[in-house]
Amino acid sequence: PLRDRYGECDKEKGVILYTPGMKRDLRINTQIHEIFHGLWDVGGLEDTDVEEKVVNVLANQLTAFLRDNPDFLDYMVYMLRDNGKDIKD
């Protein structure tokens, strides 16, 4: 069980744990936050107190961006598939 936290990135098991019952926005923000912790680790960045600050700011800003631009995620998925390879700007 998670105590005093919304989520946790278990780097050894490669899973993200989060507190059940959270509101949707908080759950999404927590998942993004924990993904950034995993990326920080995979990227070989040092585990310092700066990590939490950077991860928190990026997760909050990305969550707000995705909330304000709901079509962007669909666009990204489309572009990452072969469907988007011939689209001209």
# chains A, B, ... in the order shown; residues from 1 in each chain; ligands from 1
>>> select_by_dssp(residues="chain A", states="alpha helix (DSSP H)", output="PyMOL selection string")
chain A and resi 24-42+49-68+70-80
>>> closest_atom_pairs(of="range 1-33 of chain A", to="range 65-79 of chain A", cutoff="12 Å", atoms="only C-alpha atoms", output="tab-separated table")
residue	atom	partner	partner_atom	distance
A:Arg24	CA	A:Arg67	CA	11.2
A:Asp25	CA	A:Arg67	CA	8.7
A:Leu26	CA	A:Arg67	CA	11.8
A:Ile28	CA	A:Leu66	CA	10.1
A:Asn29	CA	A:Leu66	CA	10.2
A:Ile32	CA	A:Leu66	CA	11.0
>>> write_last_selection(atoms="all heavy atoms", output="PDB file, in the first residue's frame")
ATOM      1  N   ARG A  24     -10.159  11.506 -11.772  1.00  0.00           N
ATOM      2  CA  ARG A  24      -9.530  11.254 -13.067  1.00  0.00           C
ATOM      3  C   ARG A  24      -8.323  12.161 -13.338  1.00  0.00           C
ATOM      4  O   ARG A  24      -7.263  11.681 -13.730  1.00  0.00           O
ATOM      5  CB  ARG A  24     -10.566  11.418 -14.180  1.00  0.00           C
ATOM      6  CG  ARG A  24     -10.036  11.021 -15.517  1.00  0.00           C
ATOM      7  CD  ARG A  24     -11.029  11.195 -16.629  1.00  0.00           C
ATOM      8  NE  ARG A  24     -12.396  11.174 -16.157  1.00  0.00           N
ATOM      9  CZ  ARG A  24     -13.453  11.171 -16.929  1.00  0.00           C
ATOM     10  NH1 ARG A  24     -13.301  11.217 -18.222  1.00  0.00           N
ATOM     11  NH2 ARG A  24     -14.667  11.153 -16.437  1.00  0.00           N
ATOM     12  N   ASP A  25      -8.471  13.464 -13.146  1.00  0.00           N
ATOM     13  CA  ASP A  25      -7.356  14.388 -13.416  1.00  0.00           C
ATOM     14  C   ASP A  25      -6.138  14.065 -12.556  1.00  0.00           C
ATOM     15  O   ASP A  25      -5.011  14.079 -13.028  1.00  0.00           O
ATOM     16  CB  ASP A  25      -7.766  15.844 -13.167  1.00  0.00           C
ATOM     17  CG  ASP A  25      -8.521  16.452 -14.333  1.00  0.00           C
ATOM     18  OD1 ASP A  25      -8.751  15.735 -15.328  1.00  0.00           O
ATOM     19  OD2 ASP A  25      -8.875  17.636 -14.241  1.00  0.00           O
ATOM     20  N   LEU A  26      -6.367  13.777 -11.277  1.00  0.00           N
ATOM     21  CA  LEU A  26      -5.272  13.466 -10.372  1.00  0.00           C
ATOM     22  C   LEU A  26      -4.610  12.146 -10.756  1.00  0.00           C
ATOM     23  O   LEU A  26      -3.387  12.014 -10.710  1.00  0.00           O
ATOM     24  CB  LEU A  26      -5.767  13.424  -8.928  1.00  0.00           C
ATOM     25  CG  LEU A  26      -4.715  13.149  -7.859  1.00  0.00           C
ATOM     26  CD1 LEU A  26      -3.579  14.169  -7.937  1.00  0.00           C
ATOM     27  CD2 LEU A  26      -5.355  13.157  -6.488  1.00  0.00           C
ATOM     28  N   ILE A  28      -4.468  10.771 -13.799  1.00  0.00           N
ATOM     29  CA  ILE A  28      -3.696  10.990 -15.027  1.00  0.00           C
ATOM     30  C   ILE A  28      -2.406  11.734 -14.701  1.00  0.00           C
ATOM     31  O   ILE A  28      -1.325  11.351 -15.166  1.00  0.00           O
ATOM     32  CB  ILE A  28      -4.539  11.743 -16.066  1.00  0.00           C
ATOM     33  CG1 ILE A  28      -5.644  10.826 -16.592  1.00  0.00           C
ATOM     34  CG2 ILE A  28      -3.669  12.249 -17.216  1.00  0.00           C
ATOM     35  CD1 ILE A  28      -6.691  11.533 -17.413  1.00  0.00           C
ATOM     36  N   ASN A  29      -2.512  12.791 -13.898  1.00  0.00           N
ATOM     37  CA  ASN A  29      -1.321  13.545 -13.508  1.00  0.00           C
ATOM     38  C   ASN A  29      -0.325  12.647 -12.781  1.00  0.00           C
ATOM     39  O   ASN A  29       0.885  12.710 -13.038  1.00  0.00           O
ATOM     40  CB  ASN A  29      -1.707  14.735 -12.630  1.00  0.00           C
ATOM     41  CG  ASN A  29      -0.509  15.578 -12.264  1.00  0.00           C
ATOM     42  OD1 ASN A  29       0.158  15.304 -11.271  1.00  0.00           O
ATOM     43  ND2 ASN A  29      -0.226  16.579 -13.068  1.00  0.00           N
ATOM     44  N   ILE A  32       1.408  10.297 -15.310  1.00  0.00           N
ATOM     45  CA  ILE A  32       2.421  11.043 -16.073  1.00  0.00           C
ATOM     46  C   ILE A  32       3.630  11.330 -15.186  1.00  0.00           C
ATOM     47  O   ILE A  32       4.780  11.150 -15.602  1.00  0.00           O
ATOM     48  CB  ILE A  32       1.818  12.342 -16.645  1.00  0.00           C
ATOM     49  CG1 ILE A  32       0.805  12.015 -17.744  1.00  0.00           C
ATOM     50  CG2 ILE A  32       2.912  13.265 -17.176  1.00  0.00           C
ATOM     51  CD1 ILE A  32      -0.020  13.200 -18.218  1.00  0.00           C
TER      52      ILE A  32
END
>>> atom_distance(atom1="CA of Asn60 in chain A", atom2="CA of Asp41 in chain A")
19.1 Å
>>> atom_distance(atom1="CA of Asp10 in chain A", atom2="CA of Leu62 in chain A")
21.6 Å
>>> atom_distance(atom1="CA of Gly38 in chain A", atom2="CA of Gly14 in chain A")
8.3 Å
>>> decode(residues="range 37-51 of chain A", atoms="all heavy atoms", output="PDB file, in the first residue's frame")
ATOM      1  N   HIS A  37       9.377   9.868 -13.748  1.00  0.00           N
ATOM      2  CA  HIS A  37      10.381   9.288 -12.848  1.00  0.00           C
ATOM      3  C   HIS A  37      11.070   8.095 -13.522  1.00  0.00           C
ATOM      4  O   HIS A  37      12.292   7.948 -13.433  1.00  0.00           O
ATOM      5  CB  HIS A  37       9.748   8.827 -11.532  1.00  0.00           C
ATOM      6  CG  HIS A  37       9.586   9.902 -10.517  1.00  0.00           C
ATOM      7  ND1 HIS A  37      10.640  10.630 -10.006  1.00  0.00           N
ATOM      8  CD2 HIS A  37       8.469  10.370  -9.892  1.00  0.00           C
ATOM      9  CE1 HIS A  37      10.191  11.494  -9.126  1.00  0.00           C
ATOM     10  NE2 HIS A  37       8.871  11.362  -9.029  1.00  0.00           N
ATOM     11  N   GLY A  38      10.293   7.262 -14.187  1.00  0.00           N
ATOM     12  CA  GLY A  38      10.881   6.124 -14.894  1.00  0.00           C
ATOM     13  C   GLY A  38      11.811   6.575 -16.010  1.00  0.00           C
ATOM     14  O   GLY A  38      12.908   6.014 -16.188  1.00  0.00           O
ATOM     15  N   LEU A  39      11.404   7.590 -16.760  1.00  0.00           N
ATOM     16  CA  LEU A  39      12.243   8.112 -17.839  1.00  0.00           C
ATOM     17  C   LEU A  39      13.521   8.739 -17.284  1.00  0.00           C
ATOM     18  O   LEU A  39      14.599   8.624 -17.891  1.00  0.00           O
ATOM     19  CB  LEU A  39      11.465   9.131 -18.672  1.00  0.00           C
ATOM     20  CG  LEU A  39      10.279   8.574 -19.452  1.00  0.00           C
ATOM     21  CD1 LEU A  39       9.484   9.715 -20.090  1.00  0.00           C
ATOM     22  CD2 LEU A  39      10.737   7.573 -20.493  1.00  0.00           C
ATOM     23  N   TRP A  40      13.407   9.400 -16.153  1.00  0.00           N
ATOM     24  CA  TRP A  40      14.569   9.993 -15.499  1.00  0.00           C
ATOM     25  C   TRP A  40      15.590   8.896 -15.198  1.00  0.00           C
ATOM     26  O   TRP A  40      16.783   9.035 -15.472  1.00  0.00           O
ATOM     27  CB  TRP A  40      14.119  10.675 -14.201  1.00  0.00           C
ATOM     28  CG  TRP A  40      15.155  11.490 -13.502  1.00  0.00           C
ATOM     29  CD1 TRP A  40      16.146  11.025 -12.670  1.00  0.00           C
ATOM     30  CD2 TRP A  40      15.306  12.908 -13.537  1.00  0.00           C
ATOM     31  NE1 TRP A  40      16.889  12.071 -12.200  1.00  0.00           N
ATOM     32  CE2 TRP A  40      16.391  13.238 -12.717  1.00  0.00           C
ATOM     33  CE3 TRP A  40      14.606  13.929 -14.183  1.00  0.00           C
ATOM     34  CZ2 TRP A  40      16.813  14.546 -12.523  1.00  0.00           C
ATOM     35  CZ3 TRP A  40      15.024  15.234 -13.981  1.00  0.00           C
ATOM     36  CH2 TRP A  40      16.111  15.539 -13.163  1.00  0.00           C
ATOM     37  N   ASP A  41      15.107   7.784 -14.670  1.00  0.00           N
ATOM     38  CA  ASP A  41      15.976   6.667 -14.312  1.00  0.00           C
ATOM     39  C   ASP A  41      16.585   6.016 -15.553  1.00  0.00           C
ATOM     40  O   ASP A  41      17.795   5.799 -15.620  1.00  0.00           O
ATOM     41  CB  ASP A  41      15.175   5.635 -13.505  1.00  0.00           C
ATOM     42  CG  ASP A  41      16.045   4.510 -12.995  1.00  0.00           C
ATOM     43  OD1 ASP A  41      16.998   4.788 -12.237  1.00  0.00           O
ATOM     44  OD2 ASP A  41      15.774   3.351 -13.352  1.00  0.00           O
ATOM     45  N   VAL A  42      15.755   5.736 -16.548  1.00  0.00           N
ATOM     46  CA  VAL A  42      16.229   5.104 -17.778  1.00  0.00           C
ATOM     47  C   VAL A  42      17.218   6.008 -18.507  1.00  0.00           C
ATOM     48  O   VAL A  42      18.180   5.533 -19.127  1.00  0.00           O
ATOM     49  CB  VAL A  42      15.033   4.744 -18.706  1.00  0.00           C
ATOM     50  CG1 VAL A  42      15.495   4.318 -20.079  1.00  0.00           C
ATOM     51  CG2 VAL A  42      14.191   3.648 -18.071  1.00  0.00           C
ATOM     52  N   GLY A  43      17.016   7.312 -18.402  1.00  0.00           N
ATOM     53  CA  GLY A  43      17.904   8.275 -19.037  1.00  0.00           C
ATOM     54  C   GLY A  43      19.242   8.417 -18.334  1.00  0.00           C
ATOM     55  O   GLY A  43      20.113   9.150 -18.795  1.00  0.00           O
ATOM     56  N   GLY A  44      19.404   7.736 -17.210  1.00  0.00           N
ATOM     57  CA  GLY A  44      20.672   7.760 -16.502  1.00  0.00           C
ATOM     58  C   GLY A  44      20.919   9.040 -15.715  1.00  0.00           C
ATOM     59  O   GLY A  44      22.055   9.341 -15.369  1.00  0.00           O
ATOM     60  N   LEU A  45      19.860   9.784 -15.433  1.00  0.00           N
ATOM     61  CA  LEU A  45      20.017  11.014 -14.654  1.00  0.00           C
ATOM     62  C   LEU A  45      20.161  10.669 -13.168  1.00  0.00           C
ATOM     63  O   LEU A  45      19.608   9.677 -12.694  1.00  0.00           O
ATOM     64  CB  LEU A  45      18.820  11.932 -14.876  1.00  0.00           C
ATOM     65  CG  LEU A  45      18.631  12.376 -16.333  1.00  0.00           C
ATOM     66  CD1 LEU A  45      17.317  13.116 -16.493  1.00  0.00           C
ATOM     67  CD2 LEU A  45      19.794  13.232 -16.786  1.00  0.00           C
ATOM     68  N   GLU A  46      20.891  11.486 -12.472  1.00  0.00           N
ATOM     69  CA  GLU A  46      21.131  11.228 -11.061  1.00  0.00           C
ATOM     70  C   GLU A  46      19.867  11.424 -10.231  1.00  0.00           C
ATOM     71  O   GLU A  46      19.068  12.305 -10.502  1.00  0.00           O
ATOM     72  CB  GLU A  46      22.225  12.153 -10.534  1.00  0.00           C
ATOM     73  CG  GLU A  46      23.586  11.850 -11.101  1.00  0.00           C
ATOM     74  CD  GLU A  46      24.657  12.729 -10.496  1.00  0.00           C
ATOM     75  OE1 GLU A  46      24.530  13.120  -9.316  1.00  0.00           O
ATOM     76  OE2 GLU A  46      25.615  13.016 -11.220  1.00  0.00           O
ATOM     77  N   ASP A  47      19.737  10.600  -9.219  1.00  0.00           N
ATOM     78  CA  ASP A  47      18.603  10.674  -8.295  1.00  0.00           C
ATOM     79  C   ASP A  47      18.923  11.728  -7.240  1.00  0.00           C
ATOM     80  O   ASP A  47      19.640  11.474  -6.283  1.00  0.00           O
ATOM     81  CB  ASP A  47      18.373   9.304  -7.651  1.00  0.00           C
ATOM     82  CG  ASP A  47      17.101   9.248  -6.839  1.00  0.00           C
ATOM     83  OD1 ASP A  47      16.275  10.175  -6.937  1.00  0.00           O
ATOM     84  OD2 ASP A  47      16.926   8.270  -6.099  1.00  0.00           O
ATOM     85  N   THR A  48      18.410  12.941  -7.470  1.00  0.00           N
ATOM     86  CA  THR A  48      18.667  14.053  -6.548  1.00  0.00           C
ATOM     87  C   THR A  48      17.344  14.702  -6.167  1.00  0.00           C
ATOM     88  O   THR A  48      16.283  14.335  -6.682  1.00  0.00           O
ATOM     89  CB  THR A  48      19.569  15.117  -7.206  1.00  0.00           C
ATOM     90  OG1 THR A  48      18.846  15.714  -8.282  1.00  0.00           O
ATOM     91  CG2 THR A  48      20.857  14.508  -7.722  1.00  0.00           C
ATOM     92  N   ASP A  49      17.418  15.701  -5.299  1.00  0.00           N
ATOM     93  CA  ASP A  49      16.202  16.419  -4.925  1.00  0.00           C
ATOM     94  C   ASP A  49      15.654  17.235  -6.091  1.00  0.00           C
ATOM     95  O   ASP A  49      14.488  17.600  -6.112  1.00  0.00           O
ATOM     96  CB  ASP A  49      16.439  17.314  -3.706  1.00  0.00           C
ATOM     97  CG  ASP A  49      17.491  18.379  -3.924  1.00  0.00           C
ATOM     98  OD1 ASP A  49      18.357  18.206  -4.802  1.00  0.00           O
ATOM     99  OD2 ASP A  49      17.457  19.394  -3.211  1.00  0.00           O
ATOM    100  N   VAL A  50      16.478  17.508  -7.078  1.00  0.00           N
ATOM    101  CA  VAL A  50      16.033  18.238  -8.271  1.00  0.00           C
ATOM    102  C   VAL A  50      15.041  17.397  -9.070  1.00  0.00           C
ATOM    103  O   VAL A  50      14.112  17.926  -9.683  1.00  0.00           O
ATOM    104  CB  VAL A  50      17.241  18.633  -9.153  1.00  0.00           C
ATOM    105  CG1 VAL A  50      16.797  19.228 -10.477  1.00  0.00           C
ATOM    106  CG2 VAL A  50      18.143  19.582  -8.406  1.00  0.00           C
ATOM    107  N   GLU A  51      15.223  16.088  -9.052  1.00  0.00           N
ATOM    108  CA  GLU A  51      14.349  15.192  -9.820  1.00  0.00           C
ATOM    109  C   GLU A  51      12.882  15.431  -9.504  1.00  0.00           C
ATOM    110  O   GLU A  51      12.067  15.587 -10.412  1.00  0.00           O
ATOM    111  CB  GLU A  51      14.699  13.726  -9.541  1.00  0.00           C
ATOM    112  CG  GLU A  51      13.766  12.746 -10.230  1.00  0.00           C
ATOM    113  CD  GLU A  51      14.060  11.294  -9.901  1.00  0.00           C
ATOM    114  OE1 GLU A  51      15.028  11.015  -9.176  1.00  0.00           O
ATOM    115  OE2 GLU A  51      13.304  10.432 -10.376  1.00  0.00           O
TER     116      GLU A  51
END
